[in-house]
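Trainee: Here's a structure for you.
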Amino acid sequence: MRLQILAASIDGLVENVSASGLLFFSDGDLRVEVEVEEDGRVQRRTGRLVRVQRMRGESLGWAVEFDAA
């Protein structure tokens, strides 16, 4: 699978800043396009990134909510 980020930038308000990072809130969505290959077929869907979470070690989990078909 492949995820392409469609937004050039996102504006927001910073909630918390520390030496290791920051938390911010925005009204805009981070628009994405997802390409998934399954059984030799490629399916493309658009949607928005709703969560990113460190899972184990350096691995990240990415959650995308698809647009209505």
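In the structure tokens, each chain is lettered A, B, ... as it comes, each chain's residues begin at 1, and ligands are numbered from 1 in order of appearance.
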Contacts of Met1 (chain A) at 12 Å or less, counting only C-alpha atoms, minus same-chain residues fewer than 3 places along, as a ChimeraX atom specification?

Mentor: /A:4,33-38,41-45,62

Trainee: So which bits of chain A end up strand (DSSP E) when you DSSP the backbone, as a ChimeraX atom specification?

Mentor: /A:2-5,13-18,21-25,31-38,41-56,59-66

Trainee: Output the selection as an mmCIF file, in the first residue's frame - C-alpha atoms for each residue.

Mentor:
data_model
loop_
_atom_site.group_PDB
_atom_site.id
_atom_site.type_symbol
_atom_site.label_atom_id
_atom_site.label_comp_id
_atom_site.auth_asym_id
_atom_site.auth_seq_id
_atom_site.Cartn_x
_atom_site.Cartn_y
_atom_site.Cartn_z
ATOM 1 C CA ARG A 2 1.025 3.604 -0.461
ATOM 2 C CA LEU A 3 -0.225 6.747 1.296
ATOM 3 C CA GLN A 4 0.158 10.142 -0.372
ATOM 4 C CA ILE A 5 -0.363 13.334 1.625
ATOM 5 C CA LEU A 13 -2.833 26.428 17.514
ATOM 6 C CA VAL A 14 -0.157 24.978 19.772
ATOM 7 C CA GLU A 15 -1.499 23.387 22.971
ATOM 8 C CA ASN A 16 1.724 22.098 24.524
ATOM 9 C CA VAL A 17 5.419 22.489 23.658
ATOM 10 C CA SER A 18 8.309 20.571 25.221
ATOM 11 C CA GLY A 21 7.860 17.795 20.567
ATOM 12 C CA LEU A 22 4.546 19.607 20.499
ATOM 13 C CA LEU A 23 0.788 19.039 20.428
ATOM 14 C CA PHE A 24 -1.332 21.247 18.204
ATOM 15 C CA PHE A 25 -4.949 21.482 17.097
ATOM 16 C CA ARG A 31 -6.107 14.943 3.224
ATOM 17 C CA VAL A 32 -4.583 11.733 1.881
ATOM 18 C CA GLU A 33 -4.895 9.318 -1.018
ATOM 19 C CA VAL A 34 -4.378 5.620 -0.310
ATOM 20 C CA GLU A 35 -3.393 3.070 -2.945
ATOM 21 C CA VAL A 36 -3.892 -0.569 -1.922
ATOM 22 C CA GLU A 37 -2.929 -3.570 -4.068
ATOM 23 C CA GLU A 38 -4.797 -6.785 -3.338
ATOM 24 C CA ARG A 41 -5.906 -5.187 -8.336
ATOM 25 C CA VAL A 42 -5.018 -1.634 -7.309
ATOM 26 C CA GLN A 43 -7.665 0.365 -5.497
ATOM 27 C CA ARG A 44 -7.312 4.115 -4.834
ATOM 28 C CA ARG A 45 -9.319 5.879 -2.140
ATOM 29 C CA THR A 46 -9.190 9.381 -0.711
ATOM 30 C CA GLY A 47 -9.807 10.310 2.884
ATOM 31 C CA ARG A 48 -8.286 11.988 5.894
ATOM 32 C CA LEU A 49 -5.632 10.969 8.358
ATOM 33 C CA VAL A 50 -7.319 10.611 11.767
ATOM 34 C CA ARG A 51 -4.544 9.161 13.964
ATOM 35 C CA VAL A 52 -0.857 8.335 14.046
ATOM 36 C CA GLN A 53 0.490 6.293 16.949
ATOM 37 C CA ARG A 54 3.886 4.830 17.778
ATOM 38 C CA MET A 55 3.244 1.102 18.071
ATOM 39 C CA ARG A 56 6.527 -0.686 18.839
ATOM 40 C CA SER A 59 7.008 1.394 13.881
ATOM 41 C CA LEU A 60 4.028 3.737 13.478
ATOM 42 C CA GLY A 61 0.335 2.930 13.035
ATOM 43 C CA TRP A 62 -1.603 5.222 10.642
ATOM 44 C CA ALA A 63 -5.429 5.406 10.704
ATOM 45 C CA VAL A 64 -7.247 6.807 7.658
ATOM 46 C CA GLU A 65 -10.970 7.495 7.400
ATOM 47 C CA PHE A 66 -12.104 7.030 3.785
#

Trainee: Using only C-alpha atoms, which residues sit within 9 Å of Asp27 (chain A) once same-chain residues fewer than 5 positions away are excluded, as a PyMOL selection string?

Mentor: chain A and resi 10-12
